[in-house]
$ cat model.tsv   # TSV, C-alpha atoms
chain	number	residue	atom	x	y	z
I	176	MET	CA	-8.76	-3.53	-18.28
I	177	ALA	CA	-10.82	-5.16	-15.57
I	178	ARG	CA	-12.98	-2.96	-13.35
I	179	VAL	CA	-13.98	-4.29	-9.95
I	180	PHE	CA	-16.67	-2.56	-7.88
I	181	LEU	CA	-16.68	-3.84	-4.30
I	182	ASP	CA	-19.97	-4.30	-2.47
I	183	PRO	CA	-20.25	-3.07	1.14
I	184	GLN	CA	-19.69	-6.60	2.50
I	185	ASP	CA	-16.48	-7.09	0.46
I	186	THR	CA	-13.74	-6.37	3.00
I	187	ASN	CA	-10.77	-8.04	1.25
I	188	TYR	CA	-9.92	-8.23	-2.43
I	189	ILE	CA	-6.78	-9.66	-4.04
I	190	VAL	CA	-5.47	-8.18	-7.30
I	191	SER	CA	-3.33	-10.61	-9.27
I	192	ASN	CA	-3.98	-9.45	-12.84
I	193	PRO	CA	-2.42	-6.42	-14.51
I	194	ASN	CA	-4.47	-3.35	-15.44
I	195	THR	CA	-7.15	-3.84	-12.80
I	196	SER	CA	-9.13	-0.92	-11.36
I	197	VAL	CA	-10.68	-1.45	-7.93
I	198	TYR	CA	-13.43	0.82	-6.63
I	199	GLY	CA	-14.33	0.67	-2.95
I	200	ASN	CA	-17.71	1.28	-1.41
I	201	ASN	CA	-17.77	4.19	1.02
I	202	SER	CA	-20.91	2.83	2.67
I	203	ALA	CA	-19.08	-0.34	3.75
I	204	ALA	CA	-19.49	-1.11	7.44
I	205	GLN	CA	-15.96	-2.57	7.54
I	206	PRO	CA	-12.86	-0.96	6.04
I	207	GLN	CA	-12.02	-2.40	2.64
I	208	THR	CA	-8.54	-3.80	1.91
I	209	VAL	CA	-6.91	-4.54	-1.44
I	210	THR	CA	-3.88	-6.85	-1.60
I	211	LEU	CA	-1.57	-6.58	-4.60
I	212	THR	CA	0.25	-9.77	-5.56
I	213	SER	CA	3.61	-9.73	-7.33
I	214	SER	CA	1.84	-10.38	-10.66
I	215	ALA	CA	-0.34	-7.26	-10.37
I	216	ALA	CA	0.85	-4.27	-12.40
I	217	LYS	CA	-0.68	-0.91	-13.25
I	218	ALA	CA	-3.55	-1.38	-10.81
I	219	ASP	CA	-5.71	1.65	-10.02
I	220	ILE	CA	-7.07	1.76	-6.46
I	221	ASP	CA	-9.69	4.39	-5.67
I	222	GLN	CA	-9.97	6.60	-2.62
I	223	ASN	CA	-12.64	4.50	-0.89
I	224	ILE	CA	-10.14	1.70	-0.15
I	225	ALA	CA	-8.88	1.99	3.46
I	226	ARG	CA	-5.79	-0.22	3.14
I	227	VAL	CA	-3.49	-1.53	0.40
I	228	ASN	CA	-1.25	-4.53	1.15
I	229	LEU	CA	2.00	-5.18	-0.71
I	230	ALA	CA	3.92	-8.47	-0.94
I	231	GLY	CA	7.32	-7.49	0.45
I	232	ASN	CA	9.11	-5.10	2.78
I	233	ILE	CA	8.73	-1.33	2.50
I	234	GLU	CA	12.36	-1.21	1.30
I	235	ASP	CA	11.41	-3.33	-1.74
I	236	PHE	CA	9.34	-0.52	-3.24
I	237	ALA	CA	9.83	2.99	-4.61
I	238	PHE	CA	7.22	5.73	-4.64
I	239	LYS	CA	6.29	9.03	-6.22
I	240	SER	CA	3.17	11.14	-6.12
I	241	THR	CA	1.11	13.30	-8.42
I	242	GLY	CA	-1.63	15.25	-6.68
I	243	ASN	CA	-3.45	12.81	-4.41
I	244	LEU	CA	-2.17	9.73	-6.30
I	245	LEU	CA	0.61	7.59	-4.84
I	246	GLU	CA	2.47	5.56	-7.47
I	247	ILE	CA	4.07	2.35	-6.20
I	248	TYR	CA	6.94	0.72	-8.12
I	249	ASP	CA	8.58	-2.68	-7.55
I	250	SER	CA	12.36	-3.20	-7.36
I	251	ALA	CA	12.52	-3.65	-11.16
I	252	GLY	CA	10.90	-0.24	-11.70
I	253	THR	CA	7.53	-1.64	-12.82
I	254	LEU	CA	4.51	0.44	-11.85
I	255	LEU	CA	2.46	-1.77	-9.52
I	256	ALA	CA	-0.32	0.63	-8.61
I	257	ARG	CA	-1.70	4.12	-8.51
I	258	VAL	CA	-3.53	4.63	-5.22
I	259	ALA	CA	-5.82	7.60	-4.56
I	260	ILE	CA	-5.05	8.63	-0.98
I	261	GLN	CA	-7.88	9.37	1.45
I	262	MET	CA	-8.04	12.91	2.82
I	263	SER	CA	-9.02	11.68	6.29
I	264	GLU	CA	-6.77	12.21	9.32
I	265	GLU	CA	-5.51	8.61	9.07
I	266	GLY	CA	-5.16	8.67	5.30
I	267	THR	CA	-4.81	5.29	3.59
I	268	ALA	CA	-3.01	2.40	5.30
I	269	LEU	CA	-0.15	0.66	3.46
I	270	GLY	CA	0.55	-2.87	4.71
I	271	THR	CA	3.91	-4.53	4.07
I	272	ASN	CA	6.00	-7.27	5.66
I	273	SER	CA	7.78	-4.41	7.49
I	274	GLY	CA	4.60	-3.16	9.17
I	275	VAL	CA	1.59	-0.96	8.45
I	276	PHE	CA	2.21	2.68	7.50
I	277	ASN	CA	-0.13	5.66	7.29
I	278	VAL	CA	-0.08	7.29	3.87
I	279	GLN	CA	-1.34	10.83	4.23
I	280	ILE	CA	-1.58	14.09	2.35
I	281	ASN	CA	0.08	16.87	4.35
I	282	THR	CA	-2.60	19.55	4.70
I	283	ASP	CA	-0.47	21.86	6.89
I	284	MET	CA	0.03	24.70	4.39
I	285	GLY	CA	2.68	26.28	6.62
I	286	SER	CA	4.95	23.22	6.53
I	287	GLU	CA	7.86	22.43	4.25
I	288	ASN	CA	6.01	19.46	2.72
I	289	ALA	CA	2.61	21.13	2.28
I	290	GLY	CA	0.48	19.13	-0.15
I	291	ALA	CA	2.97	16.25	-0.25
I	292	ILE	CA	2.06	12.64	0.28
I	293	THR	CA	3.90	11.08	3.20
I	294	ILE	CA	4.46	7.45	4.15
I	295	GLY	CA	5.05	6.97	7.84
I	296	GLY	CA	5.80	10.69	8.10
I	297	GLN	CA	8.40	10.70	5.29
I	298	ALA	CA	7.68	12.76	2.15
I	299	VAL	CA	7.35	11.03	-1.23
I	300	PRO	CA	8.84	12.77	-4.32
I	301	GLN	CA	6.22	14.92	-6.04
I	302	ALA	CA	5.87	14.86	-9.81
I	303	GLN	CA	3.95	17.23	-12.01
I	304	GLU	CA	1.65	15.72	-14.63
I	305	GLY	CA	3.81	14.48	-17.49
I	306	ASP	CA	7.27	15.05	-15.99
I	307	ASP	CA	9.95	12.41	-15.46
I	308	THR	CA	10.42	12.58	-11.69
I	309	PRO	CA	11.87	9.19	-10.75
I	310	PRO	CA	10.33	7.17	-7.93
I	311	ALA	CA	12.37	6.91	-4.73
I	312	LYS	CA	12.58	4.71	-1.68
I	313	VAL	CA	11.15	6.12	1.54
I	314	GLU	CA	13.84	6.37	4.21
I	315	ASN	CA	12.93	5.15	7.71
I	316	PRO	CA	9.15	5.54	7.66
I	317	ALA	CA	7.49	5.10	11.06
I	318	PRO	CA	4.99	2.22	11.09
I	319	VAL	CA	1.74	2.66	12.98
I	320	GLN	CA	1.66	-1.09	13.49
I	321	PRO	CA	5.09	-2.71	13.59
I	322	VAL	CA	5.43	-6.33	12.64
I	323	GLU	CA	6.04	-8.54	15.64
I	324	PRO	CA	8.99	-10.89	15.18
I	325	VAL	CA	7.88	-14.46	14.75
I	326	GLU	CA	9.63	-16.94	16.98
I	327	PRO	CA	10.44	-20.16	15.16
I	328	GLU	CA	8.71	-23.28	16.36
I	329	PRO	CA	11.08	-25.51	18.35
I	330	GLU	CA	12.16	-28.68	16.59
I	331	PRO	CA	10.28	-31.70	17.93
I	332	GLU	CA	12.34	-34.12	19.97
I	333	PRO	CA	13.11	-37.32	18.05
I	334	GLU	CA	11.19	-40.30	19.26
I	335	PRO	CA	13.35	-42.89	21.03
I	336	GLU	CA	13.94	-46.06	19.15
I	337	PRO	CA	12.35	-49.20	20.69
$ encode --input "model.tsv" --output "structure tokens"
Amino acid sequence: MARVFLDPQDTNYIVSNPNTSVYGNNSAAQPQTVTLTSSAAKADIDQNIARVNLAGNIEDFAFKSTGNLLEIYDSAGTLLARVAIQMSEEGTALGTNSGVFNVQINTDMGSENAGAITIGGQAVPQAQEGDDTPPAKVENPAPVQPVEPVEPEPEPEPEPEP
């Protein structure tokens, strides 16, 4: 297992190997982002990372939580990452091709989802240590930063023949 400790000036790190643990630096002047490629599996991302980027749309992934850990699974059911979620008001950002979503721990003890991890306001299934709660897709999460549609470049006009 590789262990990566980011320095304060390391703002972006790409994980492409399985079984990689990434530890952020809470004294970093800039928020630190980890991007998981499709070849990453079983990555552990600590709570000092502000944003985790995934290669795909939010619908391509399934999630479950245990305590403050969000488990992210690909469409084949492979565990991509375990992410420790920040307890700040914003939580940890999750970037996808569908937009950027806040991942938060619901600290409102009077609410139905008290203690649950939410993605874009939608609760993630909670598992107890050692149980077999299956991961699930998150239905209609609200992005904090939607992806702007990209207009295709117009085809260049063919040059006239001489």
$ residues_around --input "model.tsv" --residues "Thr282 of chain I" --least-positions-apart "2" --cutoff "10 Å" --atoms "all atoms listed in the file" --output "list in words"
Met262, Glu264, Gln279, Ile280, Met284, Gly285, Ser286, Asn288, Ala289, Gly290, Ala291 and Ile292 of chain I
$ closest_residue --input "model.tsv" --among "I:Arg178, I:Lys312, I:Arg257, I:Arg226" --to "Val278 of chain I" --atoms "all atoms listed in the file"
I:Arg226
$ residues_around --input "model.tsv" --residues "Val313 of chain I" --least-positions-apart "4" --cutoff "9 Å" --atoms "only C-alpha atoms" --output "list in words"
Ile233, Glu234, Phe236, Ala237, Phe238, Thr293, Ile294, Gly295, Gln297, Ala298 and Val299 of chain I
$ closest_atom_pairs --input "model.tsv" --of "segment 243-287 of chain I" --to "segment 193-200 of chain I" --cutoff "10 Å" --atoms "all atoms listed in the file" --output "tab-separated table"
residue	atom	partner	partner_atom	distance
I:Leu255	CA	I:Pro193	CA	8.4
I:Ala256	CA	I:Asn194	CA	8.9
I:Arg257	CA	I:Ser196	CA	9.4
I:Val258	CA	I:Val197	CA	9.8
$ residues_near_point --input "model.tsv" --point "(3.7, -4.6, 2.3)" --cutoff "7 Å" --atoms "all atoms listed in the file" --output "compact mmCIF listing (two decimals) with C-alpha atoms, keeping the file's coordinate frame"
# COMPACT_ATOMS: atom_id res chain seq x y z
CA ASN I 228 -1.25 -4.53 1.15
CA LEU I 229 2.00 -5.18 -0.71
CA ALA I 230 3.92 -8.47 -0.94
CA GLY I 231 7.32 -7.49 0.45
CA ASN I 232 9.11 -5.10 2.78
CA ILE I 233 8.73 -1.33 2.50
CA LEU I 269 -0.15 0.66 3.46
CA GLY I 270 0.55 -2.87 4.71
CA THR I 271 3.91 -4.53 4.07
CA ASN I 272 6.00 -7.27 5.66
CA SER I 273 7.78 -4.41 7.49
$ closest_residue --input "model.tsv" --among "I:Ala302, I:Ala311, I:Ala251, I:Ala225" --to "Phe276 of chain I" --atoms "all atoms listed in the file"
I:Ala225
$ closest_residue --input "model.tsv" --among "I:Glu336, I:Glu304, I:Asp249, I:Asp185" --to "Ala216 of chain I" --atoms "only C-alpha atoms"
I:Asp249
$ atom_distance --input "model.tsv" --atom1 "atom CA of Ile189 of chain I" --atom2 "atom CA of Ser263 of chain I"
23.8 Å
$ atom_distance --input "model.tsv" --atom1 "atom CA of Gly242 of chain I" --atom2 "atom CA of Gln303 of chain I"
8.0 Å
$ atom_distance --input "model.tsv" --atom1 "atom CA of Pro316 of chain I" --atom2 "atom CA of Asn223 of chain I"
23.4 Å
$ closest_residue --input "model.tsv" --among "I:Ala259, I:Ser250, I:Glu334, I:Asn192" --to "Val179 of chain I" --atoms "only C-alpha atoms"
I:Asn192
$ residues_around --input "model.tsv" --residues "Ile224 of chain I" --least-positions-apart "3" --cutoff "10 Å" --atoms "all atoms listed in the file" --output "list in words"
Leu181, Thr186, Asn187, Val197, Tyr198, Gly199, Asn200, Asn201, Ala203, Pro206, Gln207, Thr208, Val209, Ile220, Asp221, Val227, Val258, Ala259, Ile260, Gln261, Thr267 and Ala268 of chain I
$ decode --input "model.tsv" --residues "segment 180-215 of chain I" --atoms "N, CA, C and O atoms" --output "short mmCIF file (atom, residue, chain, number, x, y, z; two decimals), in the first residue's frame"
data_model
loop_
_atom_site.label_atom_id
_atom_site.label_comp_id
_atom_site.auth_asym_id
_atom_site.auth_seq_id
_atom_site.Cartn_x
_atom_site.Cartn_y
_atom_site.Cartn_z
N PHE I 180 1.74 11.66 1.56
CA PHE I 180 1.52 12.78 2.47
C PHE I 180 1.75 14.06 1.67
O PHE I 180 2.86 14.33 1.24
N LEU I 181 0.67 14.82 1.47
CA LEU I 181 0.77 16.04 0.67
C LEU I 181 1.39 17.17 1.48
O LEU I 181 1.08 17.34 2.67
N ASP I 182 2.25 17.94 0.84
CA ASP I 182 2.81 19.14 1.43
C ASP I 182 1.80 20.27 1.27
O ASP I 182 0.90 20.18 0.43
N PRO I 183 1.95 21.36 2.02
CA PRO I 183 1.00 22.47 1.91
C PRO I 183 0.85 23.03 0.49
O PRO I 183 -0.23 23.46 0.11
N GLN I 184 1.90 23.00 -0.30
CA GLN I 184 1.82 23.55 -1.66
C GLN I 184 1.22 22.57 -2.68
O GLN I 184 0.96 22.93 -3.81
N ASP I 185 0.98 21.33 -2.28
CA ASP I 185 0.39 20.33 -3.17
C ASP I 185 -1.12 20.53 -3.19
O ASP I 185 -1.82 20.15 -2.26
N THR I 186 -1.63 21.11 -4.27
CA THR I 186 -3.07 21.39 -4.33
C THR I 186 -3.83 20.35 -5.13
O THR I 186 -5.04 20.23 -4.96
N ASN I 187 -3.17 19.60 -6.00
CA ASN I 187 -3.83 18.57 -6.80
C ASN I 187 -2.98 17.31 -6.81
O ASN I 187 -1.77 17.37 -7.03
N TYR I 188 -3.65 16.17 -6.60
CA TYR I 188 -2.95 14.90 -6.64
C TYR I 188 -3.84 13.89 -7.35
O TYR I 188 -5.04 13.83 -7.09
N ILE I 189 -3.27 13.12 -8.26
CA ILE I 189 -4.01 12.12 -9.02
C ILE I 189 -3.65 10.73 -8.50
O ILE I 189 -2.47 10.39 -8.43
N VAL I 190 -4.68 9.95 -8.16
CA VAL I 190 -4.48 8.58 -7.71
C VAL I 190 -4.84 7.66 -8.86
O VAL I 190 -5.97 7.67 -9.34
N SER I 191 -3.87 6.89 -9.32
CA SER I 191 -4.13 5.94 -10.42
C SER I 191 -3.73 4.52 -10.05
O SER I 191 -3.91 3.61 -10.86
N ASN I 192 -3.21 4.32 -8.86
CA ASN I 192 -2.82 2.99 -8.40
C ASN I 192 -3.77 2.51 -7.31
O ASN I 192 -4.22 3.32 -6.49
N PRO I 193 -4.05 1.22 -7.26
CA PRO I 193 -4.90 0.71 -6.19
C PRO I 193 -4.19 0.76 -4.84
O PRO I 193 -2.97 0.84 -4.76
N ASN I 194 -5.01 0.73 -3.78
CA ASN I 194 -4.51 0.67 -2.40
C ASN I 194 -3.59 1.83 -2.04
O ASN I 194 -2.54 1.64 -1.44
N THR I 195 -4.00 3.03 -2.41
CA THR I 195 -3.23 4.23 -2.10
C THR I 195 -3.94 5.02 -1.01
O THR I 195 -5.14 5.25 -1.10
N SER I 196 -3.20 5.43 0.01
CA SER I 196 -3.74 6.30 1.06
C SER I 196 -3.17 7.69 0.85
O SER I 196 -1.97 7.85 0.67
N VAL I 197 -4.06 8.70 0.85
CA VAL I 197 -3.63 10.08 0.65
C VAL I 197 -3.99 10.89 1.88
O VAL I 197 -5.14 10.89 2.31
N TYR I 198 -2.99 11.58 2.43
CA TYR I 198 -3.17 12.38 3.62
C TYR I 198 -2.94 13.85 3.26
O TYR I 198 -1.87 14.21 2.76
N GLY I 199 -3.96 14.66 3.49
CA GLY I 199 -3.84 16.09 3.19
C GLY I 199 -3.09 16.81 4.28
O GLY I 199 -2.70 16.23 5.30
N ASN I 200 -2.88 18.10 4.05
CA ASN I 200 -2.15 18.93 4.99
C ASN I 200 -3.08 20.06 5.40
O ASN I 200 -3.37 20.95 4.59
N ASN I 201 -3.55 20.05 6.64
CA ASN I 201 -4.53 21.05 7.05
C ASN I 201 -3.95 22.45 7.19
O ASN I 201 -4.67 23.39 7.45
N SER I 202 -2.66 22.61 6.99
CA SER I 202 -2.07 23.95 7.01
C SER I 202 -1.90 24.49 5.59
O SER I 202 -1.31 25.54 5.39
N ALA I 203 -2.43 23.78 4.61
CA ALA I 203 -2.30 24.22 3.22
C ALA I 203 -3.06 25.52 3.01
O ALA I 203 -4.18 25.69 3.47
N ALA I 204 -2.42 26.45 2.30
CA ALA I 204 -3.05 27.74 2.01
C ALA I 204 -4.18 27.57 1.01
O ALA I 204 -5.17 28.29 1.04
N GLN I 205 -4.04 26.61 0.10
CA GLN I 205 -5.06 26.33 -0.91
C GLN I 205 -5.73 25.01 -0.58
O GLN I 205 -5.09 24.10 -0.08
N PRO I 206 -7.03 24.88 -0.88
CA PRO I 206 -7.67 23.57 -0.67
C PRO I 206 -6.99 22.49 -1.49
O PRO I 206 -6.55 22.74 -2.61
N GLN I 207 -6.91 21.30 -0.95
CA GLN I 207 -6.26 20.20 -1.64
C GLN I 207 -7.31 19.29 -2.27
O GLN I 207 -8.33 18.97 -1.66
N THR I 208 -7.03 18.88 -3.53
CA THR I 208 -7.94 18.06 -4.32
C THR I 208 -7.25 16.77 -4.71
O THR I 208 -6.10 16.77 -5.13
N VAL I 209 -8.00 15.65 -4.60
CA VAL I 209 -7.52 14.35 -5.06
C VAL I 209 -8.44 13.90 -6.18
O VAL I 209 -9.66 13.96 -6.04
N THR I 210 -7.86 13.48 -7.29
CA THR I 210 -8.62 12.96 -8.43
C THR I 210 -8.36 11.47 -8.53
O THR I 210 -7.20 11.03 -8.55
N LEU I 211 -9.45 10.69 -8.56
CA LEU I 211 -9.35 9.24 -8.67
C LEU I 211 -9.56 8.85 -10.13
O LEU I 211 -10.60 9.17 -10.70
N THR I 212 -8.60 8.16 -10.72
CA THR I 212 -8.77 7.68 -12.09
C THR I 212 -9.54 6.36 -12.05
O THR I 212 -9.76 5.79 -10.98
N SER I 213 -9.91 5.87 -13.21
CA SER I 213 -10.68 4.62 -13.27
C SER I 213 -9.84 3.42 -12.81
O SER I 213 -10.40 2.37 -12.47
N SER I 214 -8.52 3.54 -12.78
CA SER I 214 -7.68 2.42 -12.34
C SER I 214 -7.40 2.44 -10.84
O SER I 214 -6.81 1.52 -10.30
N ALA I 215 -7.85 3.49 -10.16
CA ALA I 215 -7.70 3.53 -8.70
C ALA I 215 -8.74 2.62 -8.06
O ALA I 215 -9.86 2.52 -8.55
#
